[in-house]
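Q: start_9.cif is reproduced below (mmCIF, C-alpha atoms).
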```cif
data_entry
#
loop_
_atom_site.group_PDB
_atom_site.id
_atom_site.type_symbol
_atom_site.label_atom_id
_atom_site.label_comp_id
_atom_site.auth_asym_id
_atom_site.auth_seq_id
_atom_site.Cartn_x
_atom_site.Cartn_y
_atom_site.Cartn_z
ATOM 1 C CA MET X 599 17.384 12.014 -17.758
ATOM 2 C CA ALA X 600 16.052 12.362 -14.233
ATOM 3 C CA ASP X 601 17.706 10.644 -11.320
ATOM 4 C CA ILE X 602 16.121 7.643 -9.673
ATOM 5 C CA GLU X 603 16.303 7.598 -5.868
ATOM 6 C CA ARG X 604 15.975 4.285 -4.036
ATOM 7 C CA LEU X 605 15.363 4.118 -0.286
ATOM 8 C CA GLU X 606 15.735 1.087 1.973
ATOM 9 C CA VAL X 607 17.355 -0.975 -0.751
ATOM 10 C CA GLY X 608 17.462 -4.713 -0.177
ATOM 11 C CA GLN X 609 18.649 -7.651 -2.208
ATOM 12 C CA ARG X 610 15.332 -8.104 -4.052
ATOM 13 C CA MET X 611 13.647 -4.721 -3.854
ATOM 14 C CA SER X 612 13.679 -1.164 -2.612
ATOM 15 C CA ARG X 613 10.907 -0.198 -0.206
ATOM 16 C CA ILE X 614 10.616 3.213 -1.906
ATOM 17 C CA VAL X 615 11.616 4.354 -5.390
ATOM 18 C CA LYS X 616 11.312 8.007 -6.427
ATOM 19 C CA HIS X 617 11.466 9.265 -10.018
ATOM 20 C CA ASN X 618 10.280 12.523 -11.605
ATOM 21 C CA GLY X 619 8.148 13.456 -8.583
ATOM 22 C CA THR X 620 6.455 10.061 -8.437
ATOM 23 C CA ILE X 621 6.828 7.681 -5.491
ATOM 24 C CA TYR X 622 6.523 3.912 -5.860
ATOM 25 C CA LEU X 623 6.140 1.770 -2.745
ATOM 26 C CA CYS X 624 6.882 -1.924 -2.690
ATOM 27 C CA GLY X 625 4.023 -4.184 -1.675
ATOM 28 C CA GLN X 626 2.996 -3.737 1.949
ATOM 29 C CA VAL X 627 1.429 -6.383 4.165
ATOM 30 C CA ALA X 628 0.152 -6.491 7.742
ATOM 31 C CA ALA X 629 2.430 -5.961 10.721
ATOM 32 C CA ASP X 630 0.889 -9.075 12.328
ATOM 33 C CA ALA X 631 -0.300 -11.728 9.881
ATOM 34 C CA GLU X 632 -2.012 -13.697 12.665
ATOM 35 C CA THR X 633 -4.887 -11.178 12.903
ATOM 36 C CA GLY X 634 -8.095 -10.891 10.888
ATOM 37 C CA ILE X 635 -8.708 -8.935 7.696
ATOM 38 C CA SER X 636 -9.669 -5.652 9.405
ATOM 39 C CA GLU X 637 -6.567 -5.599 11.573
ATOM 40 C CA GLN X 638 -4.308 -6.695 8.733
ATOM 41 C CA THR X 639 -5.720 -3.967 6.490
ATOM 42 C CA GLN X 640 -5.262 -1.281 9.152
ATOM 43 C CA THR X 641 -1.659 -2.169 10.020
ATOM 44 C CA MET X 642 -0.834 -2.464 6.318
ATOM 45 C CA LEU X 643 -2.214 1.039 5.707
ATOM 46 C CA ASP X 644 -0.313 2.345 8.754
ATOM 47 C CA LYS X 645 2.879 1.100 7.082
ATOM 48 C CA VAL X 646 1.883 2.867 3.860
ATOM 49 C CA ASP X 647 1.387 6.106 5.836
ATOM 50 C CA ALA X 648 4.870 5.847 7.360
ATOM 51 C CA LEU X 649 6.545 5.124 4.016
ATOM 52 C CA LEU X 650 4.723 7.978 2.313
ATOM 53 C CA VAL X 651 5.899 10.415 4.987
ATOM 54 C CA GLN X 652 9.454 9.088 4.657
ATOM 55 C CA ALA X 653 9.238 9.593 0.881
ATOM 56 C CA GLY X 654 7.820 13.121 1.121
ATOM 57 C CA SER X 655 4.132 12.471 0.473
ATOM 58 C CA ASP X 656 0.894 11.506 2.200
ATOM 59 C CA ARG X 657 -2.346 9.651 1.529
ATOM 60 C CA GLN X 658 -3.924 12.709 -0.122
ATOM 61 C CA HIS X 659 -1.326 12.373 -2.888
ATOM 62 C CA ILE X 660 -1.826 8.677 -3.710
ATOM 63 C CA LEU X 661 -2.307 8.319 -7.444
ATOM 64 C CA SER X 662 -3.096 4.623 -7.626
ATOM 65 C CA ALA X 663 -3.322 1.548 -5.456
ATOM 66 C CA THR X 664 -3.599 -2.144 -6.211
ATOM 67 C CA VAL X 665 -5.047 -4.256 -3.415
ATOM 68 C CA TYR X 666 -4.476 -8.007 -3.392
ATOM 69 C CA LEU X 667 -6.876 -10.110 -1.316
ATOM 70 C CA ARG X 668 -6.295 -13.762 -0.531
ATOM 71 C CA ASP X 669 -10.068 -14.268 -0.706
ATOM 72 C CA MET X 670 -12.700 -11.922 -2.157
ATOM 73 C CA LYS X 671 -14.987 -12.831 0.752
ATOM 74 C CA ASP X 672 -12.917 -10.233 2.680
ATOM 75 C CA PHE X 673 -13.687 -7.450 0.167
ATOM 76 C CA ALA X 674 -16.358 -5.683 2.270
ATOM 77 C CA ALA X 675 -14.345 -5.830 5.513
ATOM 78 C CA MET X 676 -11.193 -4.556 3.785
ATOM 79 C CA ASN X 677 -13.196 -1.751 2.147
ATOM 80 C CA ALA X 678 -14.628 -0.645 5.509
ATOM 81 C CA VAL X 679 -11.083 0.016 6.765
ATOM 82 C CA TRP X 680 -9.979 1.480 3.413
ATOM 83 C CA ASP X 681 -12.958 3.869 3.267
ATOM 84 C CA ALA X 682 -12.189 5.215 6.753
ATOM 85 C CA TRP X 683 -8.505 5.666 5.815
ATOM 86 C CA VAL X 684 -8.822 7.476 2.474
ATOM 87 C CA PRO X 685 -9.519 11.189 2.949
ATOM 88 C CA GLU X 686 -12.852 12.232 1.437
ATOM 89 C CA GLY X 687 -12.348 13.587 -2.066
ATOM 90 C CA PHE X 688 -8.874 12.014 -2.450
ATOM 91 C CA ALA X 689 -9.683 8.459 -3.538
ATOM 92 C CA PRO X 690 -6.949 7.200 -5.880
ATOM 93 C CA ALA X 691 -7.396 5.045 -8.952
ATOM 94 C CA ARG X 692 -7.654 1.545 -7.479
ATOM 95 C CA ALA X 693 -7.835 -2.081 -8.475
ATOM 96 C CA CYS X 694 -8.582 -5.005 -6.199
ATOM 97 C CA VAL X 695 -7.847 -8.579 -7.182
ATOM 98 C CA GLU X 696 -7.852 -11.986 -5.557
ATOM 99 C CA ALA X 697 -4.352 -13.436 -5.424
ATOM 100 C CA ARG X 698 -2.187 -16.000 -3.704
ATOM 101 C CA LEU X 699 0.089 -14.045 -1.389
ATOM 102 C CA ALA X 700 3.646 -14.862 -0.326
ATOM 103 C CA ARG X 701 2.575 -16.505 2.947
ATOM 104 C CA ALA X 702 -0.681 -18.375 3.612
ATOM 105 C CA GLU X 703 -1.500 -16.309 6.725
ATOM 106 C CA LEU X 704 -1.422 -13.023 4.780
ATOM 107 C CA LEU X 705 -4.915 -11.869 3.854
ATOM 108 C CA VAL X 706 -4.152 -8.571 2.092
ATOM 109 C CA GLU X 707 -1.321 -6.709 0.365
ATOM 110 C CA ILE X 708 -1.180 -3.297 -1.303
ATOM 111 C CA SER X 709 1.017 -1.620 -3.892
ATOM 112 C CA VAL X 710 0.914 2.200 -3.998
ATOM 113 C CA VAL X 711 2.037 4.932 -6.381
ATOM 114 C CA ALA X 712 1.925 8.527 -5.093
ATOM 115 C CA ALA X 713 2.960 12.021 -6.065
ATOM 116 C CA GLU X 714 5.669 13.812 -4.134
ATOM 117 C CA ILE X 715 4.461 16.860 -2.217
#
```
Turn this file's structure into structure tokens for me.
A:
Amino acid sequence: MADIERLEVGQRMSRIVKHNGTIYLCGQVAADAETGISEQTQTMLDKVDALLVQAGSDRQHILSATVYLRDMKDFAAMNAVWDAWVPEGFAPARACVEARLARAELLVEISVVAAEI
């Protein structure tokens, strides 16, 4: 049985879990929840970048992503930032759903699974 490695372990969750060459990131939200959807999406993806590097991966190795939007009216604006962030030819499997997020000011959250480099 392969070992499970947990990084930045807290009471409720680990920020990164690694198992059998697969990296699981906990849900990531914006650095500043007082900004609009474009800014929240960008700072959220910046956090994903940093965690992937810490875990030994990068955005070209993302296998799947689930995006949670507070309101689907923000779908096009979120996608504009997403499309600029994902390297051409490396789009992961992705789902996007409308959801109530942990705090009312949060507009977007993402959960990512990636392969280790």
Q: Spell out the residues picked by the PyMOL selection byres ((chain X and resi 652-667) around 7) here, as a PDB file with C-alpha atoms, in the coordinates of the input.
A:
```
ATOM      1  CA  ASP X 647       1.387   6.106   5.836  1.00  0.00           C
ATOM      2  CA  ALA X 648       4.870   5.847   7.360  1.00  0.00           C
ATOM      3  CA  LEU X 649       6.545   5.124   4.016  1.00  0.00           C
ATOM      4  CA  LEU X 650       4.723   7.978   2.313  1.00  0.00           C
ATOM      5  CA  VAL X 651       5.899  10.415   4.987  1.00  0.00           C
ATOM      6  CA  ARG X 668      -6.295 -13.762  -0.531  1.00  0.00           C
ATOM      7  CA  ASP X 669     -10.068 -14.268  -0.706  1.00  0.00           C
ATOM      8  CA  MET X 670     -12.700 -11.922  -2.157  1.00  0.00           C
ATOM      9  CA  VAL X 684      -8.822   7.476   2.474  1.00  0.00           C
ATOM     10  CA  PRO X 685      -9.519  11.189   2.949  1.00  0.00           C
ATOM     11  CA  PHE X 688      -8.874  12.014  -2.450  1.00  0.00           C
ATOM     12  CA  PRO X 690      -6.949   7.200  -5.880  1.00  0.00           C
ATOM     13  CA  ALA X 691      -7.396   5.045  -8.952  1.00  0.00           C
ATOM     14  CA  ARG X 692      -7.654   1.545  -7.479  1.00  0.00           C
ATOM     15  CA  ALA X 693      -7.835  -2.081  -8.475  1.00  0.00           C
ATOM     16  CA  CYS X 694      -8.582  -5.005  -6.199  1.00  0.00           C
ATOM     17  CA  VAL X 695      -7.847  -8.579  -7.182  1.00  0.00           C
ATOM     18  CA  GLU X 696      -7.852 -11.986  -5.557  1.00  0.00           C
ATOM     19  CA  ALA X 697      -4.352 -13.436  -5.424  1.00  0.00           C
ATOM     20  CA  LEU X 705      -4.915 -11.869   3.854  1.00  0.00           C
ATOM     21  CA  VAL X 706      -4.152  -8.571   2.092  1.00  0.00           C
ATOM     22  CA  GLU X 707      -1.321  -6.709   0.365  1.00  0.00           C
ATOM     23  CA  ILE X 708      -1.180  -3.297  -1.303  1.00  0.00           C
ATOM     24  CA  SER X 709       1.017  -1.620  -3.892  1.00  0.00           C
ATOM     25  CA  VAL X 710       0.914   2.200  -3.998  1.00  0.00           C
ATOM     26  CA  VAL X 711       2.037   4.932  -6.381  1.00  0.00           C
ATOM     27  CA  ALA X 712       1.925   8.527  -5.093  1.00  0.00           C
ATOM     28  CA  ALA X 713       2.960  12.021  -6.065  1.00  0.00           C
ATOM     29  CA  GLU X 714       5.669  13.812  -4.134  1.00  0.00           C
ATOM     30  CA  ILE X 715       4.461  16.860  -2.217  1.00  0.00           C
TER      31      ILE X 715
END
```
Q: Would you compute the distance between atom CA of Asn677 of chain X and atom CA of Gln638 of chain X? Give it in Å to one decimal.
A: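 Computing the Euclidean distance for atom CA of Asn677 of chain X and atom CA of Gln638 of chain X yields 12.1 Å.
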Q: Quick one: which residues end up in the PyMOL selection byres ((chain X and resi 623) around 7) for this structure, as number ranges by chain?
A: X: 613-615, 621-622, 624-625, 709-711
Q: Could you dump the residues just selected with C-alpha atoms as a CSV table (one decimal), in the frame of the given file?
A:
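Final file, part-v4.csv:
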```csv
chain,number,residue,atom,x,y,z
X,613,ARG,CA,10.9,-0.2,-0.2
X,614,ILE,CA,10.6,3.2,-1.9
X,615,VAL,CA,11.6,4.4,-5.4
X,621,ILE,CA,6.8,7.7,-5.5
X,622,TYR,CA,6.5,3.9,-5.9
X,624,CYS,CA,6.9,-1.9,-2.7
X,625,GLY,CA,4.0,-4.2,-1.7
X,709,SER,CA,1.0,-1.6,-3.9
X,710,VAL,CA,0.9,2.2,-4.0
X,711,VAL,CA,2.0,4.9,-6.4
```
Q: Rounded to one decimal, what separation in Å do you get between atom CA of Glu637 of chain X and atom CA of Lys671 of chain X?
A: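 Result for atom CA of Glu637 of chain X versus atom CA of Lys671 of chain X: 15.5 Å, one decimal.
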Q: Between atom CA of Ala700 of chain X and atom CA of Lys616 of chain X, what distance in Å does the model show, to one decimal?
A: 24.9 Å
Q: Is it possible to get the residues within 12 Å of (18.6, 8.0, -8.8) (coordinates as in the file, counting only C-alpha atoms) written as a ChimeraX atom specification?
A: /X:599-605,614-619
Q: Point out the residue among X:Trp680, X:Gly687, X:Val627, X:Ser636 with the least atom-to-atom distance to Leu699 of chain X, counting all atoms listed in the file.
A: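 Checking each candidate against Leu699 of chain X, we get X:Val627 as the closest.
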Q: Using all atoms listed in the file, which residue out of X:Thr620, X:Gln626, X:Thr633, X:Gln640 lies closest to Trp683 of chain X?
A: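 Ranked by minimum distance to Trp683 of chain X, first place goes to X:Gln640.
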